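**Student:** Input file: entry_37.txt. Contents: compact mmCIF, C-alpha atoms.
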```txt
# COMPACT_ATOMS: atom_id res chain seq x y z
CA MET A 13 113.82 116.04 90.52
CA LEU A 14 113.92 112.53 91.88
CA THR A 15 111.91 110.99 89.07
CA PRO A 16 114.90 108.93 87.89
CA PHE A 17 114.27 106.72 90.92
CA ALA A 18 110.51 106.29 90.35
CA ILE A 19 110.82 103.15 88.20
CA PRO A 20 110.02 100.25 90.63
CA PRO A 21 106.25 100.84 90.93
CA LEU A 22 105.99 101.10 87.14
CA THR A 23 107.98 97.95 86.31
CA PRO A 24 104.97 95.80 85.28
CA ILE A 25 103.69 98.60 83.06
CA PHE A 26 107.05 98.96 81.30
CA ILE A 27 107.33 95.20 80.83
CA GLN A 28 103.99 95.21 79.02
CA THR A 29 104.48 98.45 77.11
CA PHE A 30 107.96 97.77 75.72
CA HIS A 31 107.72 93.93 75.68
CA LYS A 32 110.99 93.65 77.61
CA THR A 33 112.24 91.32 80.32
CA LEU A 34 112.71 92.35 83.95
CA PRO A 35 116.51 92.88 83.61
CA GLU A 36 115.94 95.11 80.59
CA VAL A 37 113.40 97.18 82.51
CA ASN A 38 115.80 97.36 85.46
CA MET A 39 118.28 98.95 83.07
CA LEU A 40 115.97 101.98 83.03
CA PHE A 41 116.87 102.58 86.67
CA GLY A 42 120.50 101.60 86.20
CA ALA A 43 121.06 104.00 83.31
CA ALA A 44 119.66 106.93 85.29
CA ALA A 45 121.66 106.02 88.41
CA ILE A 46 124.94 105.70 86.51
CA ALA A 47 124.36 109.00 84.71
CA LEU A 48 123.51 110.64 88.03
CA GLY A 49 126.70 109.35 89.61
CA TYR A 50 129.01 110.44 86.82
CA ALA A 51 127.32 113.82 86.34
CA ASN A 52 128.50 114.86 89.80
CA PHE A 53 132.08 114.96 88.50
CA ILE A 54 130.97 117.80 86.21
CA ILE A 55 128.22 119.46 88.24
CA VAL A 56 130.12 120.04 91.49
CA PRO A 57 133.09 121.86 89.88
CA PHE A 58 130.64 123.77 87.66
CA SER A 59 128.72 124.92 90.75
CA ASN A 60 131.94 125.96 92.47
CA ILE A 61 132.96 128.08 89.47
CA PHE A 62 129.64 129.54 88.30
CA GLY A 63 127.55 129.35 91.46
CA ARG A 64 125.03 127.01 92.99
CA ARG A 65 121.87 128.82 91.84
CA PRO A 66 122.57 128.75 88.07
CA THR A 67 123.67 125.14 88.32
CA ILE A 68 120.50 124.10 90.14
CA LEU A 69 118.33 126.03 87.68
CA ILE A 70 120.04 124.50 84.64
CA CYS A 71 119.85 120.99 86.09
CA GLY A 72 116.21 121.51 87.05
CA LEU A 73 115.40 122.61 83.50
CA ILE A 74 117.24 119.57 82.09
CA CYS A 75 115.29 117.29 84.43
CA VAL A 76 111.92 118.84 83.53
CA LEU A 77 112.62 118.59 79.80
CA ALA A 78 113.81 114.99 80.19
CA ASN A 79 110.62 114.16 82.10
CA ILE A 80 108.54 115.61 79.28
CA TRP A 81 110.58 113.55 76.82
CA GLN A 82 109.95 110.42 78.92
CA ALA A 83 106.21 111.08 78.84
CA LEU A 84 106.21 111.36 75.05
CA VAL A 85 108.60 108.52 74.18
CA THR A 86 107.31 105.44 72.37
CA SER A 87 110.38 103.20 72.04
CA TYR A 88 112.67 101.53 74.56
CA PRO A 89 116.01 102.94 73.25
CA ARG A 90 114.68 106.49 73.33
CA PHE A 91 113.32 105.90 76.81
CA ILE A 92 116.79 104.80 77.95
CA GLY A 93 118.18 108.02 76.46
CA ALA A 94 115.57 110.10 78.26
CA ARG A 95 116.39 108.31 81.50
CA VAL A 96 120.11 109.11 81.10
CA ILE A 97 119.37 112.79 80.49
CA SER A 98 116.99 112.79 83.46
CA GLY A 99 119.76 111.33 85.62
CA LEU A 100 122.10 114.11 84.50
CA GLY A 101 119.54 116.71 85.49
CA ALA A 102 118.73 115.14 88.84
CA ALA A 103 122.37 114.97 89.89
CA ALA A 104 122.29 118.50 91.27
CA ASN A 105 119.73 117.46 93.87
CA GLU A 106 122.03 114.73 95.14
CA SER A 107 125.28 116.70 95.28
CA ILE A 108 124.65 120.43 95.44
CA MET A 109 121.81 120.61 97.95
CA PRO A 110 123.95 119.29 100.84
CA MET A 111 126.49 121.98 99.89
CA VAL A 112 123.71 124.60 100.01
CA VAL A 113 122.74 123.43 103.50
CA ALA A 114 126.39 123.75 104.55
CA ASP A 115 126.56 127.25 103.04
CA VAL A 116 123.37 128.57 104.62
CA MET A 117 123.35 127.02 108.10
CA PHE A 118 125.68 127.60 111.00
CA LEU A 119 127.92 124.71 112.01
CA HIS A 120 125.81 123.80 115.07
CA GLN A 121 122.60 123.74 112.94
CA ARG A 122 123.82 121.70 109.99
CA GLY A 123 123.13 118.29 111.51
CA LEU A 124 119.45 119.07 112.11
CA TRP A 125 118.85 120.61 108.69
CA MET A 126 120.79 117.92 106.85
CA GLY A 127 118.73 115.31 108.68
CA LEU A 128 115.53 117.06 107.63
CA TYR A 129 116.78 117.31 104.04
CA LEU A 130 117.60 113.61 103.83
```
Translate this structure into structure tokens?

**Tutor:**
Amino acid sequence: MLTPFAIPPLTPIFIQTFHKTLPEVNMLFGAAAIALGYANFIIVPFSNIFGRRPTILICGLICVLANIWQALVTSYPRFIGARVISGLGAAANESIMPMVVADVMFLHQRGLWMGLYL
């Protein structure tokens, strides 16, 4: 689910493929990161209302479909759109999984398991 952050090693390839400058290629990471940050305002309340498991499954499906879209895209604007959707899907991994660790582990175990998760 962390593919929104996998852009830096591919930067030279994207510069050549899309004929864009470095700041424009950096926007691929920025768009995903901004979408990921704002999606948490929706995903966390959704998970509190409907449950963590359905939220993680829906977000995982969104992320997988966005990754397939990214693999098939041929233009820069569509790639930005795929990156935004991928950021929305990956947001559950950043916000809900620490809540799952807090739900499953006892108070004296949370530090160890959270450290292993991070």

**Student:** What's the separation between CA of Pro89 (chain A) and CA of Ile27 (chain A), in Å to one decimal place?

**Tutor:** 13.9 Å

**Student:** Which of these, A:Leu100, A:Met109, A:Ile19, A:Val85, has the shortest distance to Arg64 (chain A) once you count all atoms listed in the file?

**Tutor:**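 Checking each candidate against Arg64 (chain A), we get A:Met109 as the closest.
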
**Student:** Which one is closest to Thr67 (chain A): A:Ser87, A:Asn105, A:Thr33, A:Gln82? Count all atoms listed in the file.

**Tutor:**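 Comparing A:Ser87, A:Asn105, A:Thr33, A:Gln82 against Thr67 (chain A), the winner is A:Asn105.
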
**Student:** With distances taken over all atoms listed in the file, which of A:Ile74, A:Leu40, A:Ile61, A:Met126 is nearest to Val112 (chain A)?

**Tutor:** A:Met126

**Student:** CA of Thr29 (chain A) to CA of Ala45 (chain A): how many Å, to one decimal?

**Tutor:**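 Going from CA of Thr29 (chain A) over to CA of Ala45 (chain A), I get 21.9 Å.
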
**Student:** Return the single residue from A:Ser107, A:Ala43, A:Gly99, A:Asp115 that is closest to Cys75 (chain A), with distances computed using all atoms listed in the file.

**Tutor:**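 Of A:Ser107, A:Ala43, A:Gly99, A:Asp115, the one nearest Cys75 (chain A), counting all atoms listed in the file, is A:Gly99.
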
**Student:** Taking 2 positions as the minimum chain separation for residues in the same chain, which residues sit within 12 Å of Asn38 (chain A) when counting only C-alpha atoms? Answer as a list in words.

**Tutor:**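 Here the answer would be Pro16, Phe17, Ala18, Ile19, Pro20, Pro21, Leu22, Thr23, Pro24, Phe26, Ile27, Lys32, Thr33, Leu34, Pro35, Glu36, Leu40, Phe41, Gly42, Ala43, Ala44, Ala45, Ile92 and Arg95 of chain A.
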
**Student:** Separation of CA of His120 (chain A) and CA of Asn60 (chain A), in Å?

**Tutor:**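 Pair CA of His120 (chain A) / CA of Asn60 (chain A) returns 23.5 Å.
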
**Student:** For a quick check of understanding, using only C-alpha atoms, which of A:Ile108, A:Ser98, A:Leu119, A:Val37 has the smallest distance to Phe53 (chain A)?

**Tutor:**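 For Phe53 (chain A), the nearest of the given residues is A:Ile108.
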
**Student:** Could you write out as JSON the box around region 69-77 of chain A (axis-aligned, all atoms listed in the file, 4 Å on each side), with centre and edge lengths in Å to one decimal?

**Tutor:**
```
{"center_x": 116.0, "center_y": 121.7, "center_z": 83.7, "size_x": 16.1, "size_y": 16.7, "size_z": 15.9}
```

**Student:** Under the rule that all atoms listed in the file are counted, which of A:Leu130, A:Ile46, A:Leu69, A:Ile80 is the nearest residue to Glu106 (chain A)?

**Tutor:**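 Between A:Leu130, A:Ile46, A:Leu69, A:Ile80, the residue approaching Glu106 (chain A) most closely is A:Leu130.
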
**Student:** Would you kindly return, as a list of chain:residue names, each protein, DNA or RNA residue with an atom no farther than 10 Å from any atom of Arg122 (chain A), considering only C-alpha atoms and excluding same-chain residues fewer than 6 positions away?

**Tutor:** A:Pro110, A:Val113, A:Ala114, A:Asp115, A:Val116, A:Leu128

**Student:** N, CA and C atoms for region 58-75 of chain A, written as a PDB file, keeping the file's coordinate frame, could you do that?

**Tutor:**
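Written file, out31.pdb:
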```pdb
ATOM      1  N   PHE A  58     131.392 122.718  88.335  1.00  0.00           N
ATOM      2  CA  PHE A  58     130.640 123.770  87.660  1.00  0.00           C
ATOM      3  C   PHE A  58     129.967 124.686  88.679  1.00  0.00           C
ATOM      4  N   SER A  59     129.390 124.100  89.728  1.00  0.00           N
ATOM      5  CA  SER A  59     128.720 124.920  90.750  1.00  0.00           C
ATOM      6  C   SER A  59     129.721 125.723  91.565  1.00  0.00           C
ATOM      7  N   ASN A  60     130.922 125.202  91.750  1.00  0.00           N
ATOM      8  CA  ASN A  60     131.940 125.960  92.470  1.00  0.00           C
ATOM      9  C   ASN A  60     132.455 127.139  91.648  1.00  0.00           C
ATOM     10  N   ILE A  61     132.468 127.010  90.334  1.00  0.00           N
ATOM     11  CA  ILE A  61     132.960 128.080  89.470  1.00  0.00           C
ATOM     12  C   ILE A  61     131.868 129.103  89.174  1.00  0.00           C
ATOM     13  N   PHE A  62     130.692 128.643  88.768  1.00  0.00           N
ATOM     14  CA  PHE A  62     129.640 129.540  88.300  1.00  0.00           C
ATOM     15  C   PHE A  62     128.550 129.816  89.322  1.00  0.00           C
ATOM     16  N   GLY A  63     128.546 129.113  90.418  1.00  0.00           N
ATOM     17  CA  GLY A  63     127.550 129.350  91.460  1.00  0.00           C
ATOM     18  C   GLY A  63     126.541 128.230  91.559  1.00  0.00           C
ATOM     19  N   ARG A  64     125.974 128.092  92.729  1.00  0.00           N
ATOM     20  CA  ARG A  64     125.030 127.010  92.990  1.00  0.00           C
ATOM     21  C   ARG A  64     123.673 127.270  92.319  1.00  0.00           C
ATOM     22  N   ARG A  65     123.194 128.521  92.382  1.00  0.00           N
ATOM     23  CA  ARG A  65     121.870 128.820  91.840  1.00  0.00           C
ATOM     24  C   ARG A  65     121.772 128.554  90.335  1.00  0.00           C
ATOM     25  N   PRO A  66     122.697 129.058  89.502  1.00  0.00           N
ATOM     26  CA  PRO A  66     122.570 128.750  88.070  1.00  0.00           C
ATOM     27  C   PRO A  66     122.679 127.261  87.779  1.00  0.00           C
ATOM     28  N   THR A  67     123.513 126.582  88.534  1.00  0.00           N
ATOM     29  CA  THR A  67     123.670 125.140  88.320  1.00  0.00           C
ATOM     30  C   THR A  67     122.382 124.407  88.646  1.00  0.00           C
ATOM     31  N   ILE A  68     121.747 124.746  89.754  1.00  0.00           N
ATOM     32  CA  ILE A  68     120.500 124.100  90.140  1.00  0.00           C
ATOM     33  C   ILE A  68     119.398 124.421  89.143  1.00  0.00           C
ATOM     34  N   LEU A  69     119.350 125.654  88.666  1.00  0.00           N
ATOM     35  CA  LEU A  69     118.330 126.030  87.680  1.00  0.00           C
ATOM     36  C   LEU A  69     118.529 125.298  86.357  1.00  0.00           C
ATOM     37  N   ILE A  70     119.762 125.212  85.892  1.00  0.00           N
ATOM     38  CA  ILE A  70     120.040 124.500  84.640  1.00  0.00           C
ATOM     39  C   ILE A  70     119.709 123.025  84.776  1.00  0.00           C
ATOM     40  N   CYS A  71     120.136 122.419  85.878  1.00  0.00           N
ATOM     41  CA  CYS A  71     119.850 120.990  86.090  1.00  0.00           C
ATOM     42  C   CYS A  71     118.355 120.741  86.250  1.00  0.00           C
ATOM     43  N   GLY A  72     117.662 121.652  86.917  1.00  0.00           N
ATOM     44  CA  GLY A  72     116.210 121.510  87.050  1.00  0.00           C
ATOM     45  C   GLY A  72     115.517 121.587  85.701  1.00  0.00           C
ATOM     46  N   LEU A  73     115.976 122.499  84.839  1.00  0.00           N
ATOM     47  CA  LEU A  73     115.400 122.610  83.500  1.00  0.00           C
ATOM     48  C   LEU A  73     115.678 121.346  82.684  1.00  0.00           C
ATOM     49  N   ILE A  74     116.891 120.823  82.789  1.00  0.00           N
ATOM     50  CA  ILE A  74     117.240 119.570  82.090  1.00  0.00           C
ATOM     51  C   ILE A  74     116.334 118.446  82.568  1.00  0.00           C
ATOM     52  N   CYS A  75     116.119 118.358  83.866  1.00  0.00           N
ATOM     53  CA  CYS A  75     115.290 117.290  84.430  1.00  0.00           C
ATOM     54  C   CYS A  75     113.829 117.420  83.983  1.00  0.00           C
TER      55      CYS A  75
END
```
